[in-house]
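K.L.:
Below is the file my_file_16.cif, with mmCIF, C-alpha atoms.
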```cif
data_coords
loop_
_atom_site.label_atom_id
_atom_site.label_comp_id
_atom_site.auth_asym_id
_atom_site.auth_seq_id
_atom_site.Cartn_x
_atom_site.Cartn_y
_atom_site.Cartn_z
CA MET A 10 131.84 -41.61 -178.05
CA SER A 11 130.08 -42.59 -174.83
CA SER A 12 133.21 -41.92 -172.73
CA ALA A 13 133.56 -38.46 -174.32
CA LEU A 14 129.90 -37.77 -173.60
CA ASN A 15 130.30 -38.92 -170.00
CA PHE A 16 133.29 -36.61 -169.59
CA LEU A 17 131.40 -33.63 -171.03
CA THR A 18 128.38 -34.16 -168.79
CA LYS A 19 130.39 -34.43 -165.57
CA LYS A 20 129.76 -31.65 -163.10
CA SER A 21 133.49 -31.07 -162.75
CA THR A 22 133.74 -30.46 -166.51
CA ALA A 23 130.82 -28.04 -166.40
CA LEU A 24 132.34 -26.14 -163.48
CA PHE A 25 135.73 -25.99 -165.19
CA LEU A 26 134.22 -24.54 -168.37
CA TRP A 27 131.82 -22.22 -166.55
CA PHE A 28 134.35 -20.60 -164.23
CA GLY A 29 137.44 -21.35 -166.34
CA LEU A 30 136.23 -19.49 -169.42
CA SER A 31 135.06 -16.59 -167.28
CA PHE A 32 138.40 -16.54 -165.44
CA PHE A 33 140.23 -16.46 -168.78
CA VAL A 34 138.14 -13.42 -169.77
CA ALA A 35 138.65 -11.82 -166.34
CA ILE A 36 142.44 -12.03 -166.66
CA LYS A 37 142.37 -10.84 -170.27
CA GLN A 38 140.14 -7.88 -169.39
CA ALA A 39 142.12 -7.05 -166.26
CA PHE A 40 145.28 -6.56 -168.30
CA GLY A 41 143.50 -4.73 -171.10
CA HIS A 42 143.64 -0.97 -171.39
CA LEU A 43 139.96 -0.25 -171.92
CA HIS A 44 137.32 -1.15 -169.35
CA ASN A 45 134.63 1.00 -170.91
CA ASN A 46 131.47 -0.64 -169.55
CA TYR A 47 132.95 -1.07 -166.09
CA LEU A 48 134.00 2.60 -166.04
CA ILE A 49 130.44 3.60 -166.93
CA TYR A 50 129.26 1.56 -163.93
CA LYS A 51 131.95 2.96 -161.66
CA PHE A 52 131.16 6.58 -162.45
CA THR A 53 127.44 5.91 -161.99
CA PHE A 54 128.31 5.60 -158.31
CA PHE A 55 130.54 8.67 -158.11
CA ASN A 56 128.15 10.78 -160.20
CA LEU A 57 125.31 9.88 -157.87
CA VAL A 58 127.38 10.79 -154.80
CA HIS A 59 128.54 14.09 -156.31
CA GLN A 60 125.12 14.79 -157.86
CA HIS A 61 126.30 14.94 -161.45
CA ASN A 62 123.85 13.90 -164.16
CA LEU A 63 124.20 10.10 -164.48
CA TYR A 64 123.35 10.09 -168.19
CA LEU A 65 125.60 12.71 -169.75
CA PRO A 66 128.67 11.74 -171.82
CA GLN A 67 131.97 11.84 -169.95
CA PRO A 68 134.53 11.21 -172.70
CA GLU A 69 137.36 11.92 -170.28
CA HIS A 70 136.38 8.75 -168.43
CA PHE A 71 134.44 6.48 -170.82
CA LEU A 72 132.71 6.20 -174.20
CA ASP A 73 128.92 6.00 -174.64
CA VAL A 74 126.61 6.88 -171.73
CA ASN A 75 125.02 5.14 -168.76
CA HIS A 76 121.63 3.48 -169.27
CA TYR A 77 121.12 1.94 -165.81
CA GLY A 78 118.96 3.26 -163.00
CA PRO A 79 120.39 5.04 -159.94
CA VAL A 80 119.97 1.91 -157.78
CA PHE A 81 122.73 0.33 -159.84
CA ALA A 82 125.17 2.75 -158.22
CA LEU A 83 124.62 0.92 -154.92
CA PHE A 84 124.92 -2.48 -156.60
CA ILE A 85 128.33 -1.65 -158.06
CA ALA A 86 129.55 0.25 -154.98
CA PRO A 87 131.65 -2.59 -153.45
CA PHE A 88 133.83 -2.68 -156.59
CA VAL A 89 134.48 1.02 -157.19
CA TRP A 90 137.07 1.38 -154.42
CA LEU A 91 139.37 -1.23 -155.96
CA PRO A 92 141.97 -0.68 -158.69
CA ASP A 93 140.14 -0.85 -162.02
CA SER A 94 141.91 -3.98 -163.27
CA LEU A 95 141.15 -5.94 -160.12
CA ALA A 96 137.60 -4.61 -159.99
CA VAL A 97 136.91 -5.68 -163.59
CA ALA A 98 138.20 -9.20 -162.93
CA LEU A 99 136.17 -9.57 -159.73
CA TRP A 100 133.08 -8.10 -161.40
CA ILE A 101 133.26 -10.69 -164.19
CA MET A 102 133.70 -13.57 -161.74
CA PHE A 103 130.92 -12.20 -159.51
CA ASN A 104 128.52 -12.27 -162.47
CA ALA A 105 129.50 -15.86 -163.27
CA TRP A 106 129.06 -16.90 -159.63
CA VAL A 107 125.65 -15.24 -159.23
CA LEU A 108 124.25 -16.90 -162.36
CA TYR A 109 125.77 -20.23 -161.32
CA GLN A 110 124.01 -19.98 -157.96
CA ALA A 111 120.68 -19.24 -159.64
CA ILE A 112 121.01 -22.22 -162.00
CA THR A 113 121.95 -24.58 -159.17
CA HIS A 114 118.75 -23.62 -157.31
CA LEU A 115 116.46 -24.43 -160.23
CA PRO A 116 113.87 -27.12 -159.41
CA ILE A 117 115.36 -29.68 -161.79
CA ALA A 118 117.58 -32.73 -161.32
CA ASN A 119 121.28 -32.10 -160.72
CA HIS A 120 122.42 -33.64 -164.00
CA TYR A 121 120.10 -31.26 -165.84
CA LYS A 122 121.66 -28.32 -164.01
CA THR A 123 125.03 -29.56 -165.28
CA ILE A 124 123.71 -29.62 -168.85
CA VAL A 125 122.40 -26.06 -168.50
CA LEU A 126 125.84 -24.92 -167.30
CA LEU A 127 127.57 -26.69 -170.19
CA LEU A 128 125.24 -25.27 -172.81
CA CYS A 129 125.55 -21.71 -171.49
CA ALA A 130 129.28 -21.58 -170.64
CA HIS A 131 130.34 -20.16 -174.00
CA GLU A 132 127.52 -17.61 -174.05
CA LEU A 133 128.57 -16.54 -170.56
CA MET A 134 132.10 -15.98 -171.89
CA THR A 135 130.68 -13.73 -174.63
CA ALA A 136 128.81 -11.72 -172.00
CA SER A 137 131.92 -11.57 -169.81
CA PHE A 138 133.98 -9.96 -172.57
CA SER A 139 131.70 -6.91 -172.37
CA ASP A 140 131.91 -6.62 -168.55
CA GLN A 141 128.13 -6.29 -168.59
CA PHE A 142 125.42 -6.87 -165.99
CA ASN A 143 123.47 -9.37 -168.12
CA PRO A 144 124.49 -12.56 -166.24
CA CYS A 145 123.23 -10.96 -163.02
CA MET A 146 120.01 -9.99 -164.77
CA ALA A 147 119.50 -13.58 -165.91
CA ALA A 148 120.06 -14.65 -162.30
CA ILE A 149 117.53 -12.08 -161.05
CA ILE A 150 114.86 -13.44 -163.41
CA LEU A 151 115.65 -17.03 -162.41
CA GLY A 152 115.69 -16.04 -158.76
CA SER A 153 112.26 -14.43 -158.90
CA PHE A 154 110.88 -17.66 -160.40
CA ILE A 155 112.64 -19.87 -157.82
CA LEU A 156 111.55 -17.77 -154.84
CA ILE A 157 107.91 -17.65 -155.94
CA ARG A 158 107.93 -21.43 -156.23
CA GLU A 159 109.48 -21.67 -152.77
CA LYS A 160 106.71 -19.41 -151.39
CA LYS A 161 109.23 -16.68 -150.54
CA ASP A 162 107.18 -14.00 -152.24
CA PHE A 163 108.61 -11.13 -150.20
CA TRP A 164 112.12 -11.83 -151.51
CA ALA A 165 110.85 -12.66 -155.01
CA ALA A 166 109.32 -9.17 -155.08
CA CYS A 167 112.67 -7.76 -153.93
CA LEU A 168 114.44 -9.28 -156.94
CA ILE A 169 111.71 -8.24 -159.39
CA ILE A 170 111.83 -4.62 -158.27
CA LEU A 171 115.63 -4.58 -157.96
CA GLY A 172 115.97 -5.81 -161.55
CA THR A 173 113.39 -3.29 -162.74
CA PHE A 174 115.07 -0.35 -161.00
CA ILE A 175 118.43 -1.35 -162.46
CA LYS A 176 117.65 -2.22 -166.09
CA LEU A 177 113.84 -2.53 -166.52
CA TYR A 178 114.25 -6.14 -167.68
CA GLY A 179 113.50 -7.28 -164.14
CA ILE A 180 109.83 -6.43 -164.64
CA VAL A 181 109.45 -9.70 -166.57
CA GLY A 182 109.55 -11.49 -163.21
CA LEU A 183 105.85 -10.60 -163.03
CA ALA A 184 105.36 -13.35 -165.62
CA PHE A 185 105.46 -15.78 -162.68
CA PHE A 186 102.75 -13.97 -160.71
CA PHE A 187 100.13 -16.63 -161.39
CA PHE A 188 102.36 -19.33 -159.90
CA SER A 189 102.23 -17.64 -156.51
CA ASP A 190 100.06 -19.05 -153.75
CA GLN A 191 100.34 -15.74 -151.88
CA LYS A 192 99.29 -13.19 -154.50
CA ILE A 193 98.20 -10.48 -152.06
CA LYS A 194 101.47 -10.80 -150.17
CA LEU A 195 103.35 -10.61 -153.46
CA ILE A 196 101.50 -7.44 -154.53
CA LEU A 197 102.09 -5.75 -151.18
CA SER A 198 105.75 -6.80 -151.27
CA LEU A 199 106.13 -5.33 -154.76
CA LEU A 200 104.76 -2.02 -153.48
CA PHE A 201 107.05 -2.12 -150.44
CA TRP A 202 110.21 -2.78 -152.43
CA SER A 203 109.25 -0.15 -155.02
CA VAL A 204 109.30 2.46 -152.26
CA VAL A 205 112.55 1.07 -150.81
CA PHE A 206 114.47 1.07 -154.09
CA PHE A 207 113.07 4.44 -155.13
CA VAL A 208 114.30 6.02 -151.91
CA LEU A 209 117.50 4.02 -151.32
CA PRO A 210 119.81 6.02 -153.65
CA MET A 211 118.91 9.13 -151.65
CA ALA A 212 121.03 7.72 -148.82
CA ILE A 213 124.20 8.65 -150.73
CA SER A 214 122.79 11.59 -152.68
CA SER A 215 119.78 13.87 -152.15
CA PRO A 216 116.02 13.39 -152.64
CA ALA A 217 115.72 16.19 -155.21
CA PHE A 218 118.65 14.92 -157.28
CA VAL A 219 117.44 11.29 -157.25
CA ILE A 220 113.91 12.30 -158.31
CA GLN A 221 115.42 14.30 -161.19
CA THR A 222 117.64 11.32 -162.02
CA TYR A 223 114.63 9.07 -162.59
CA GLN A 224 113.29 11.63 -165.07
CA ASP A 225 116.70 11.78 -166.77
CA TRP A 226 116.76 7.99 -166.93
CA LYS A 227 113.42 7.90 -168.70
CA ASN A 228 114.62 10.46 -171.25
CA VAL A 229 117.88 8.66 -172.02
CA LEU A 230 116.05 5.34 -172.51
CA ILE A 231 113.68 6.97 -175.00
CA GLU A 232 116.68 8.39 -176.85
CA LYS A 233 118.43 5.03 -176.77
CA ASP A 234 115.42 3.22 -178.22
CA ALA A 235 115.41 5.62 -181.17
CA GLN A 236 119.15 5.10 -181.74
CA ASN A 237 119.10 1.30 -181.54
CA ALA A 238 117.48 0.78 -184.94
CA ALA A 239 120.40 2.53 -186.66
CA SER A 240 123.15 0.61 -184.85
CA VAL A 241 124.22 -2.78 -186.23
CA MET A 242 125.53 -3.76 -182.78
CA GLN A 243 122.16 -3.04 -181.14
CA ASP A 244 118.63 -4.24 -181.87
CA ILE A 245 119.83 -7.83 -182.28
CA SER A 246 116.25 -8.94 -181.93
CA VAL A 247 113.27 -10.11 -183.92
CA ILE A 248 112.42 -6.45 -184.50
CA GLY A 249 115.97 -5.89 -185.77
CA MET A 250 115.74 -8.89 -188.11
CA VAL A 251 112.52 -7.56 -189.62
CA ARG A 252 113.99 -4.09 -190.06
CA ARG A 253 117.20 -5.30 -191.68
CA ILE A 254 116.11 -8.32 -193.72
CA PHE A 255 113.08 -6.55 -195.21
CA MET A 256 114.83 -3.14 -195.33
CA LEU A 257 112.19 -1.41 -193.21
CA PRO A 258 114.26 0.83 -190.89
CA LYS A 259 111.28 3.00 -189.93
CA ILE A 260 108.92 0.20 -188.97
CA SER A 261 107.41 0.63 -185.52
CA ASP A 262 108.39 -1.78 -182.74
CA LEU A 263 104.69 -2.35 -182.10
CA VAL A 264 104.21 -4.10 -185.46
CA VAL A 265 106.31 -6.98 -184.08
CA LEU A 266 105.82 -6.49 -180.35
CA LEU A 267 102.01 -6.62 -180.21
CA PRO A 268 101.69 -10.01 -182.00
CA ALA A 269 104.55 -11.32 -179.83
CA LEU A 270 102.78 -10.18 -176.66
CA ALA A 271 99.60 -11.90 -177.86
CA LEU A 272 101.52 -15.14 -178.43
CA PHE A 273 103.28 -14.84 -175.08
CA GLY A 274 99.98 -14.18 -173.32
CA SER A 275 98.30 -17.12 -175.02
CA SER A 276 100.37 -19.49 -172.89
CA TYR A 277 98.41 -18.34 -169.83
CA LEU A 278 95.07 -19.59 -171.16
CA PHE A 279 95.68 -23.03 -169.64
CA ILE A 280 94.85 -22.34 -166.00
CA LYS A 281 94.79 -26.02 -165.01
CA LYS A 282 98.49 -26.26 -165.83
CA TYR A 283 99.58 -23.40 -163.55
CA GLN A 284 100.79 -25.65 -160.75
CA ASN A 285 102.57 -28.09 -163.07
CA LEU A 286 106.34 -27.73 -162.89
CA SER A 287 106.95 -28.72 -166.50
CA TYR A 288 104.56 -25.95 -167.64
CA GLN A 289 106.11 -23.44 -165.23
CA LEU A 290 109.55 -24.16 -166.68
CA LEU A 291 108.16 -23.57 -170.17
CA ILE A 292 106.92 -20.16 -169.03
CA LEU A 293 110.35 -19.48 -167.50
CA SER A 294 112.05 -20.37 -170.80
CA SER A 295 109.56 -18.26 -172.75
CA THR A 296 110.13 -15.28 -170.44
CA LEU A 297 113.92 -15.42 -170.69
CA LEU A 298 113.73 -15.64 -174.48
CA PHE A 299 111.03 -12.99 -174.87
CA THR A 300 112.99 -10.49 -172.75
CA VAL A 301 115.84 -10.45 -175.26
CA LEU A 302 114.10 -11.26 -178.53
CA PHE A 303 111.69 -8.34 -178.42
CA SER A 304 113.91 -5.62 -176.97
CA SER A 305 115.47 -3.09 -179.32
CA GLY A 306 118.29 -2.74 -176.79
CA SER A 307 119.43 -6.34 -177.21
CA GLU A 308 123.02 -6.85 -178.27
CA SER A 309 125.24 -9.89 -178.47
CA PRO A 310 126.19 -10.00 -174.74
CA THR A 311 122.49 -9.82 -173.78
CA TYR A 312 121.96 -13.33 -175.15
CA ILE A 313 123.21 -15.01 -171.99
CA ILE A 314 119.66 -14.29 -170.73
CA ALA A 315 118.01 -15.88 -173.76
CA PHE A 316 120.39 -18.82 -173.94
CA VAL A 317 119.64 -19.85 -170.37
CA GLY A 318 116.05 -20.01 -171.60
CA VAL A 319 117.10 -22.26 -174.49
CA ALA A 320 118.98 -24.60 -172.13
CA ILE A 321 116.09 -24.83 -169.65
CA TRP A 322 113.70 -25.58 -172.51
CA PHE A 323 115.94 -28.41 -173.70
CA VAL A 324 116.33 -30.16 -170.34
CA ASN A 325 112.59 -29.76 -169.74
CA LEU A 326 111.65 -31.68 -172.90
CA PRO A 327 109.85 -35.05 -172.62
CA LYS A 328 112.25 -37.91 -173.20
CA PRO A 329 113.40 -39.11 -175.63
CA VAL A 330 113.98 -35.84 -177.44
CA THR A 331 113.18 -35.69 -181.13
CA LYS A 332 115.50 -34.96 -184.05
CA LEU A 333 113.74 -31.62 -184.56
CA GLN A 334 114.38 -30.61 -180.95
CA ILE A 335 118.05 -31.59 -181.19
CA ALA A 336 118.33 -29.69 -184.48
CA LEU A 337 116.88 -26.56 -182.87
CA LEU A 338 119.36 -26.79 -180.00
CA VAL A 339 122.34 -27.34 -182.34
CA PHE A 340 121.20 -24.48 -184.58
CA ALA A 341 120.93 -22.20 -181.53
CA PHE A 342 124.32 -23.23 -180.20
CA ILE A 343 126.06 -22.69 -183.54
CA LEU A 344 124.40 -19.49 -184.76
CA THR A 345 123.53 -17.79 -181.47
CA SER A 346 126.33 -18.86 -179.15
CA LEU A 347 129.29 -19.50 -181.46
CA SER A 348 128.70 -16.84 -184.13
CA PRO A 349 130.60 -14.05 -182.27
CA SER A 350 133.65 -16.33 -181.90
CA ASP A 351 136.63 -16.78 -184.22
CA ILE A 352 135.07 -20.04 -185.48
CA PHE A 353 133.01 -17.92 -187.87
CA PRO A 354 134.90 -16.02 -190.58
CA LYS A 355 134.73 -12.25 -190.08
CA PHE A 356 133.08 -11.80 -193.47
CA ILE A 357 130.16 -14.05 -192.52
CA GLN A 358 129.89 -12.38 -189.11
CA THR A 359 129.77 -8.84 -190.43
CA GLN A 360 127.99 -9.27 -193.76
CA TYR A 361 125.29 -11.69 -192.65
CA ILE A 362 124.99 -12.47 -188.94
CA VAL A 363 125.53 -8.95 -187.57
CA LYS A 364 124.12 -7.12 -190.56
CA TYR A 365 120.77 -8.97 -190.39
CA SER A 366 120.63 -9.60 -186.60
CA LEU A 367 120.66 -13.35 -187.31
CA LYS A 368 121.91 -14.19 -183.81
CA ALA A 369 118.25 -13.80 -182.83
CA LEU A 370 116.89 -16.28 -185.38
CA PRO A 371 117.52 -19.65 -183.63
CA CYS A 372 116.27 -18.31 -180.29
CA PHE A 373 113.15 -17.00 -182.02
CA LEU A 374 112.46 -20.44 -183.48
CA VAL A 375 112.99 -22.03 -180.06
CA TRP A 376 110.64 -19.45 -178.51
CA LEU A 377 107.91 -20.29 -181.05
CA TYR A 378 108.39 -23.97 -180.21
CA VAL A 379 108.13 -23.20 -176.49
CA ILE A 380 104.84 -21.34 -177.06
CA TYR A 381 103.54 -24.31 -179.05
CA GLU A 382 104.49 -26.63 -176.19
CA THR A 383 102.63 -24.53 -173.63
CA TRP A 384 99.53 -25.09 -175.76
CA THR A 385 99.97 -28.78 -176.43
CA ARG A 386 101.96 -30.42 -173.63
CA SER A 387 99.67 -32.33 -171.32
CA ALA A 388 99.89 -31.84 -167.57
CA VAL A 389 101.35 -35.28 -166.91
CA ALA A 390 103.33 -36.20 -163.82
CA GLU A 391 106.07 -33.62 -163.61
CA THR A 392 108.65 -36.15 -162.46
CA GLN A 393 108.37 -37.77 -165.91
CA LYS A 394 109.24 -34.44 -167.47
CA VAL A 395 112.00 -32.87 -165.45
CA GLU A 396 113.05 -35.56 -162.95
CA LEU A 397 112.80 -33.29 -159.93
CA ALA A 398 115.74 -33.41 -157.57
CA VAL A 399 114.73 -34.43 -154.07
#
```
Will you turn the file into structure tokens for me?

P.N.:
Amino acid sequence: MSSALNFLTKKSTALFLWFGLSFFVAIKQAFGHLHNNYLIYKFTFFNLVHQHNLYLPQPEHFLDVNHYGPVFALFIAPFVWLPDSLAVALWIMFNAWVLYQAITHLPIANHYKTIVLLLCAHELMTASFSDQFNPCMAAIILGSFILIREKKDFWAACLIILGTFIKLYGIVGLAFFFFSDQKIKLILSLLFWSVVFFVLPMAISSPAFVIQTYQDWKNVLIEKDAQNAASVMQDISVIGMVRRIFMLPKISDLVVLLPALALFGSSYLFIKKYQNLSYQLLILSSTLLFTVLFSSGSESPTYIIAFVGVAIWFVNLPKPVTKLQIALLVFAFILTSLSPSDIFPKFIQTQYIVKYSLKALPCFLVWLYVIYETWTRSAVAETQKVELAV
């Protein structure tokens, strides 16, 4: 048992699973015939260049519609000139590499970084199958936290605004504002980068079209929010669970969101803990989980963001961990990470897990536990908590 555990916790094993599973998906997707999400991204660039509405259906090219901001056209630009199959494969591996880089720069000991990679490798594979941007978004949130801690507020602001102008989720990087020692610089940097990313798409389009595009983006997001409640593949969130378990399809998001915001905000009442790394990591975990759990746009591939939060919570626990904490992690790994896989019978997947948005349940329980820990964990020496790498 111990030799198996030692093998699993080796960095080489973690790297093999992390990049190996993603590479398997990249090859599978490259030789597939439908690259729907990637084609949406690709035509975001060409539509911006040719000044075609970024948010109209284009069934001759792809299904569904684009929901990303115009800045994303610049982000995806290096890939759009390649053959689609190669571009899809490289896009998937790029997402895996970016998130790997973010995790390896976390202020925790190296063996804890390995555990985070191991715990999240399967969830990354799930995200990779959809060709989505979510691993990069997780990296952007992690990066904003890391850069604020490293007193690189100018670049932290860059990531926060970049993420916001691509998918709105990036705005949650402001959750780390109180950890900054250079708050005025951070505010000014946020204003600077807001102007930069607002104007930047105009370099390949026109000012009038880009301004109209931001209005179109707002409209399509409002439409999407209204549609999410009716789609079993969307709203995989706490709000979705409430709607589907209690058969309340018309319930307002605010009924769930406002109490959740109050709970999230309650963690900031402990000002004396702000400079404690263990507490900061709890806020990071809470932020990653909250971003997914209380968004009606959450779907299965979005959970790579939340599951990084689960993994960081687990390695940040005081040692030894309790049976309850292990049970929460196992429950999250089985129901959240493994439920979309073939391990679960299709009947259970469709009739219970998908139907009632149960993928969100374990992460919600972990999030509640994280909030409780922000209230109760004492500000002891942080090296006892997370064994900081030197």

K.L.:
Name the residues, using the chain letters and numbers of the file, that sit within 12 Å of (111.2, -30.5, -184.2) when counting only C-alpha atoms, and give them as a VMD selection string.

P.N.:
chain A and resid 323 326 330 to 340 374 to 375 377 to 379 381 to 382

K.L.:
List the spatial neighbours of Glu132 (chain A) as a ChimeraX atom specification - criterion: any atom at most 12 Å away, only C-alpha atoms, same-chain residues fewer than 5 positions off excluded.

P.N.:
/A:26-27,30-31,105,125-127,137-139,143-144,309-320,341-350,368

K.L.:
Using the chain letters and numbers from this file, what does the PyMOL selection byres ((chain A and resi 192) around 12) select? Give the answer as a VMD selection string.

P.N.:
chain A and resid 157 160 to 163 165 to 166 183 185 to 191 193 to 199

K.L.:
Do you have the CA of Gly152 (chain A)-CA of Ala111 (chain A) distance handy?

P.N.:
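If I compute the distance from CA of Gly152 (chain A) to CA of Ala111 (chain A), I get 6.0 Å.
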
K.L.:
Counting all atoms listed in the file, which residue out of A:Ser387, A:Thr222, A:Ser215, A:Ser246 sits closest to Pro371 (chain A)?

P.N.:
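Result for the nearest residue to Pro371 (chain A): A:Ser246.
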
K.L.:
For Thr385 (chain A), find every residue with an atom within 12 Å (counting all atoms listed in the file), except residues of its own chain fewer than 6 positions away, and show them as number ranges by chain.

P.N.:
A: 275-276, 278-279, 282, 288, 291, 378-379

K.L.:
Provide the CA of Lys364 (chain A) to CA of Ile380 (chain A) distance in Å, to one decimal place.

P.N.:
27.5 Å

K.L.:
Quote the spacing between CA of Leu200 (chain A) and CA of Cys167 (chain A) in Å to one decimal place.

P.N.:
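Separation of CA of Leu200 (chain A) and CA of Cys167 (chain A): 9.8 Å.
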
K.L.:
Please enumerate the residues selected by the PyMOL selection byres ((chain A and resi 307) around 7) when evaluated against the supplied file, formatted as a list in words.

P.N.:
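That selection, the PyMOL selection byres ((chain A and resi 307) around 7), comes back as Gln243, Asp244, Ile245, Ser246, Val301, Ser304, Ser305, Gly306, Glu308, Ser309 and Thr311 of chain A.
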
K.L.:
Check what the PyMOL selection byres ((chain A and resi 140) around 9) selects in the file above and give those residues as a list in words.

P.N.:
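When the PyMOL selection byres ((chain A and resi 140) around 9) is applied, the selected residues are Ala35, Gln38, His44, Asn45, Asn46, Tyr47, Val97, Ala98, Trp100, Ile101, Asn104, Ala136, Ser137, Phe138, Ser139, Gln141, Phe142 and Asn143 of chain A.
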
K.L.:
Could those selected residues go to a file with C-alpha atoms, as an mmCIF file, keeping the file's coordinate frame?

P.N.:
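Saved the output as out-v1.cif:
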```cif
data_model
loop_
_atom_site.group_PDB
_atom_site.id
_atom_site.type_symbol
_atom_site.label_atom_id
_atom_site.label_comp_id
_atom_site.auth_asym_id
_atom_site.auth_seq_id
_atom_site.Cartn_x
_atom_site.Cartn_y
_atom_site.Cartn_z
ATOM 1 C CA ALA A 35 138.650 -11.820 -166.340
ATOM 2 C CA GLN A 38 140.140 -7.880 -169.390
ATOM 3 C CA HIS A 44 137.320 -1.150 -169.350
ATOM 4 C CA ASN A 45 134.630 1.000 -170.910
ATOM 5 C CA ASN A 46 131.470 -0.640 -169.550
ATOM 6 C CA TYR A 47 132.950 -1.070 -166.090
ATOM 7 C CA VAL A 97 136.910 -5.680 -163.590
ATOM 8 C CA ALA A 98 138.200 -9.200 -162.930
ATOM 9 C CA TRP A 100 133.080 -8.100 -161.400
ATOM 10 C CA ILE A 101 133.260 -10.690 -164.190
ATOM 11 C CA ASN A 104 128.520 -12.270 -162.470
ATOM 12 C CA ALA A 136 128.810 -11.720 -172.000
ATOM 13 C CA SER A 137 131.920 -11.570 -169.810
ATOM 14 C CA PHE A 138 133.980 -9.960 -172.570
ATOM 15 C CA SER A 139 131.700 -6.910 -172.370
ATOM 16 C CA GLN A 141 128.130 -6.290 -168.590
ATOM 17 C CA PHE A 142 125.420 -6.870 -165.990
ATOM 18 C CA ASN A 143 123.470 -9.370 -168.120
#
```
